[in-house]
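Listing of final.pdb, PDB, C-alpha atoms
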```
MODEL        1
ATOM      1  CA  MET V  16       0.000   0.000   0.000  1.00  0.00           C
ATOM      2  CA  LEU V  17       1.238   3.459  -0.869  1.00  0.00           C
ATOM      3  CA  LYS V  18       0.824   6.352   1.591  1.00  0.00           C
ATOM      4  CA  LEU V  19       0.885   9.865   0.142  1.00  0.00           C
ATOM      5  CA  THR V  20       0.735  13.337   1.612  1.00  0.00           C
ATOM      6  CA  LEU V  21      -1.142  15.805  -0.575  1.00  0.00           C
ATOM      7  CA  ARG V  22      -1.994  19.464  -0.301  1.00  0.00           C
ATOM      8  CA  PRO V  23      -5.358  20.823  -1.461  1.00  0.00           C
ATOM      9  CA  GLY V  24      -5.420  20.943  -5.251  1.00  0.00           C
ATOM     10  CA  GLU V  25      -2.783  18.246  -5.704  1.00  0.00           C
ATOM     11  CA  TYR V  26      -3.752  15.007  -7.388  1.00  0.00           C
ATOM     12  CA  ILE V  27      -2.613  11.509  -8.231  1.00  0.00           C
ATOM     13  CA  ASP V  28      -3.147   9.733 -11.523  1.00  0.00           C
ATOM     14  CA  ILE V  29      -4.007   6.032 -11.599  1.00  0.00           C
ATOM     15  CA  GLY V  30      -3.342   4.616 -15.027  1.00  0.00           C
ATOM     16  CA  GLU V  31      -4.167   6.784 -17.999  1.00  0.00           C
ATOM     17  CA  ASN V  32      -7.792   7.658 -17.268  1.00  0.00           C
ATOM     18  CA  ILE V  33      -8.280   7.976 -13.492  1.00  0.00           C
ATOM     19  CA  ARG V  34      -7.404  11.050 -11.462  1.00  0.00           C
ATOM     20  CA  VAL V  35      -7.949  11.532  -7.717  1.00  0.00           C
ATOM     21  CA  VAL V  36      -7.793  15.150  -6.539  1.00  0.00           C
ATOM     22  CA  PHE V  37      -7.424  16.135  -2.882  1.00  0.00           C
ATOM     23  CA  SER V  38      -9.692  19.153  -2.503  1.00  0.00           C
ATOM     24  CA  GLY V  39      -9.261  19.810   1.217  1.00  0.00           C
ATOM     25  CA  GLY V  40     -10.799  18.576   4.385  1.00  0.00           C
ATOM     26  CA  SER V  41     -11.744  19.288   7.962  1.00  0.00           C
ATOM     27  CA  ALA V  42     -11.138  17.731  11.397  1.00  0.00           C
ATOM     28  CA  ASN V  43     -12.011  14.105  10.650  1.00  0.00           C
ATOM     29  CA  ASN V  44     -12.877  14.292   6.957  1.00  0.00           C
ATOM     30  CA  ILE V  45     -11.013  14.601   3.699  1.00  0.00           C
ATOM     31  CA  HIS V  46     -12.529  15.631   0.412  1.00  0.00           C
ATOM     32  CA  LEU V  47     -11.527  13.733  -2.709  1.00  0.00           C
ATOM     33  CA  LEU V  48     -12.656  14.262  -6.278  1.00  0.00           C
ATOM     34  CA  VAL V  49     -12.453  11.162  -8.463  1.00  0.00           C
ATOM     35  CA  ASP V  50     -12.414  11.571 -12.217  1.00  0.00           C
ATOM     36  CA  ALA V  51     -12.860   8.197 -13.903  1.00  0.00           C
ATOM     37  CA  PRO V  52     -14.748   6.647 -16.829  1.00  0.00           C
ATOM     38  CA  ARG V  53     -18.359   5.639 -16.192  1.00  0.00           C
ATOM     39  CA  GLU V  54     -17.482   1.982 -16.740  1.00  0.00           C
ATOM     40  CA  ILE V  55     -15.432   1.920 -13.533  1.00  0.00           C
ATOM     41  CA  ASN V  56     -17.382   1.211 -10.365  1.00  0.00           C
ATOM     42  CA  ILE V  57     -16.281   3.485  -7.510  1.00  0.00           C
ATOM     43  CA  ALA V  58     -17.704   2.896  -4.031  1.00  0.00           C
ATOM     44  CA  ARG V  59     -16.491   3.990  -0.629  1.00  0.00           C
ATOM     45  CA  SER V  60     -15.950   1.373   2.056  1.00  0.00           C
ATOM     46  CA  SER V  61     -19.142   2.194   3.981  1.00  0.00           C
ATOM     47  CA  ALA V  62     -21.404   2.037   0.909  1.00  0.00           C
ATOM     48  CA  GLY V  63     -22.507  -1.579   1.465  1.00  0.00           C
ATOM     49  CA  GLU V  64     -22.721  -1.520   5.260  1.00  0.00           C
ATOM     50  CA  ASN V  65     -25.988  -1.429   7.189  1.00  0.00           C
ATOM     51  CA  LYS V  66     -28.184  -1.786   4.132  1.00  0.00           C
ATOM     52  CA  THR V  67     -31.829  -1.942   5.066  1.00  0.00           C
ATOM     53  CA  ALA V  68     -34.683  -2.974   2.877  1.00  0.00           C
ATOM     54  CA  SER V  69     -36.199  -0.145   0.929  1.00  0.00           C
ATOM     55  CA  PRO V  70     -39.591   1.022   2.222  1.00  0.00           C
ATOM     56  CA  TYR V  71     -40.630   1.357  -1.419  1.00  0.00           C
ATOM     57  CA  PHE V  72     -41.813  -1.670  -3.339  1.00  0.00           C
ATOM     58  CA  LYS V  73     -43.711  -2.466  -6.463  1.00  0.00           C
ATOM     59  CA  GLU V  74     -47.382  -2.965  -5.815  1.00  0.00           C
ATOM     60  CA  ARG V  75     -48.931  -6.239  -6.858  1.00  0.00           C
ATOM     61  CA  GLY V  76     -51.666  -4.478  -8.779  1.00  0.00           C
ATOM     62  CA  ILE V  77     -55.377  -4.886  -8.317  1.00  0.00           C
ATOM     63  CA  SER V  78     -57.357  -8.071  -8.642  1.00  0.00           C
ATOM     64  CA  GLU V  79     -59.651  -8.860 -11.540  1.00  0.00           C
ATOM     65  CA  GLU V  80     -62.610  -8.490  -9.169  1.00  0.00           C
ATOM     66  CA  ALA V  81     -61.528  -4.948  -8.302  1.00  0.00           C
ATOM     67  CA  LYS V  82     -61.057  -4.097 -11.985  1.00  0.00           C
ATOM     68  CA  GLN V  83     -64.567  -5.367 -12.741  1.00  0.00           C
ATOM     69  CA  GLU V  84     -66.000  -3.347  -9.857  1.00  0.00           C
ATOM     70  CA  ILE V  85     -64.302  -0.197 -11.162  1.00  0.00           C
ATOM     71  CA  ARG V  86     -65.749  -0.828 -14.648  1.00  0.00           C
ATOM     72  CA  GLU V  87     -69.229  -1.174 -13.149  1.00  0.00           C
ATOM     73  CA  ILE V  88     -68.860   2.061 -11.176  1.00  0.00           C
ATOM     74  CA  LEU V  89     -67.730   3.904 -14.316  1.00  0.00           C
ATOM     75  CA  ARG V  90     -70.681   2.515 -16.290  1.00  0.00           C
ATOM     76  CA  ARG V  91     -73.133   3.630 -13.577  1.00  0.00           C
ATOM     77  CA  GLU V  92     -71.564   7.097 -13.439  1.00  0.00           C
ATOM     78  CA  LYS V  93     -71.712   7.416 -17.218  1.00  0.00           C
ATOM     79  CA  LYS V  94     -75.347   6.351 -17.294  1.00  0.00           C
ATOM     80  CA  ALA V  95     -76.272   8.759 -14.470  1.00  0.00           C
ATOM     81  CA  ALA V  96     -74.522  11.641 -16.244  1.00  0.00           C
ATOM     82  CA  GLU V  97     -76.326  10.872 -19.512  1.00  0.00           C
ATOM     83  CA  GLN V  98     -79.706  10.694 -17.766  1.00  0.00           C
ATOM     84  CA  ALA V  99     -79.099  13.928 -15.849  1.00  0.00           C
ATOM     85  CA  THR V 100     -78.261  15.920 -18.954  1.00  0.00           C
ATOM     86  CA  GLY V 101     -80.042  14.039 -21.692  1.00  0.00           C
ATOM     87  CA  ARG V 102     -76.749  13.959 -23.615  1.00  0.00           C
ATOM     88  CA  ARG V 103     -74.382  11.139 -24.423  1.00  0.00           C
ATOM     89  CA  ALA V 104     -71.180  11.011 -22.417  1.00  0.00           C
ATOM     90  CA  ALA V 105     -67.807  10.655 -24.099  1.00  0.00           C
ATOM     91  CA  LYS V 106     -64.575   9.097 -22.899  1.00  0.00           C
ATOM     92  CA  LYS V 107     -61.831  11.500 -21.933  1.00  0.00           C
ATOM     93  CA  ASP V 108     -58.197  10.429 -21.446  1.00  0.00           C
ATOM     94  CA  GLY V 109     -59.227   6.838 -22.023  1.00  0.00           C
ATOM     95  CA  SER V 110     -60.641   6.238 -18.567  1.00  0.00           C
ATOM     96  CA  ILE V 111     -62.903   8.969 -17.157  1.00  0.00           C
ATOM     97  CA  TYR V 112     -66.349   9.677 -18.563  1.00  0.00           C
ATOM     98  CA  VAL V 113     -67.439  13.260 -18.884  1.00  0.00           C
ATOM     99  CA  VAL V 114     -70.460  14.912 -20.408  1.00  0.00           C
ATOM    100  CA  ARG V 115     -69.663  17.237 -23.274  1.00  0.00           C
ATOM    101  CA  HIS V 116     -71.567  20.498 -23.318  1.00  0.00           C
ATOM    102  CA  LYS V 117     -72.107  22.102 -26.700  1.00  0.00           C
TER     103      LYS V 117
ENDMDL
END
```

Just give me the structure as structure tokens.
Amino acid sequence: MLKLTLRPGEYIDIGENIRVVFSGGSANNIHLLVDAPREINIARSSAGENKTASPYFKERGISEEAKQEIREILRREKKAAEQATGRRAAKKDGSIYVVRHK
């Protein structure tokens, strides 16, 4: 292992396409800038520690029964709107029925 002492603004080159720049620091931290191609995976040592499951997950979707119930509700709403106005309702945005006023 190589140990180097750098001043802010100084850098080291690794190979032909990786540059690590020391940009300063504070009491217990140092600030490094890493310039490398996207194909190279760069991860700090603590990146994989203490990983918890994400609170976000893909929903399973709704059941066929629920889909059928939604269709029935939309049909009833469409019919009620047509009866209230005496005009035919038209689909808008592919899912919501509205009554067009002319």

Kindly give the distance, in Å, that separates CA of Arg34 (chain V) and CA of Thr20 (chain V), rounded to a single decimal.
-> 15.6 Å

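The smallest atom-to-atom distance between Val49 (chain V) and any of V:Ile85, V:Ala96, V:Ile33, V:Leu17, using all atoms listed in the file, is found for V:Ile33.
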
For CA of Glu54 (chain V) and CA of Asn32 (chain V), the interatomic separation in Å (one decimal) = 11.2 Å

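Of the listed residues (V:Ala99, V:Ile57, V:Met16, V:Ile88), V:Ile57 comes nearest to Val35 (chain V); the distances count only C-alpha atoms.
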
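Counting from CA of Ser38 (chain V), the distance to CA of Gly24 (chain V) is 5.4 Å.
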
For the structure provided, state which residues fall under the PyMOL selection byres ((chain V and resi 22) around 12), and present them as a ChimeraX atom specification.
-> /V:19-21,23-27,36-40,45-47
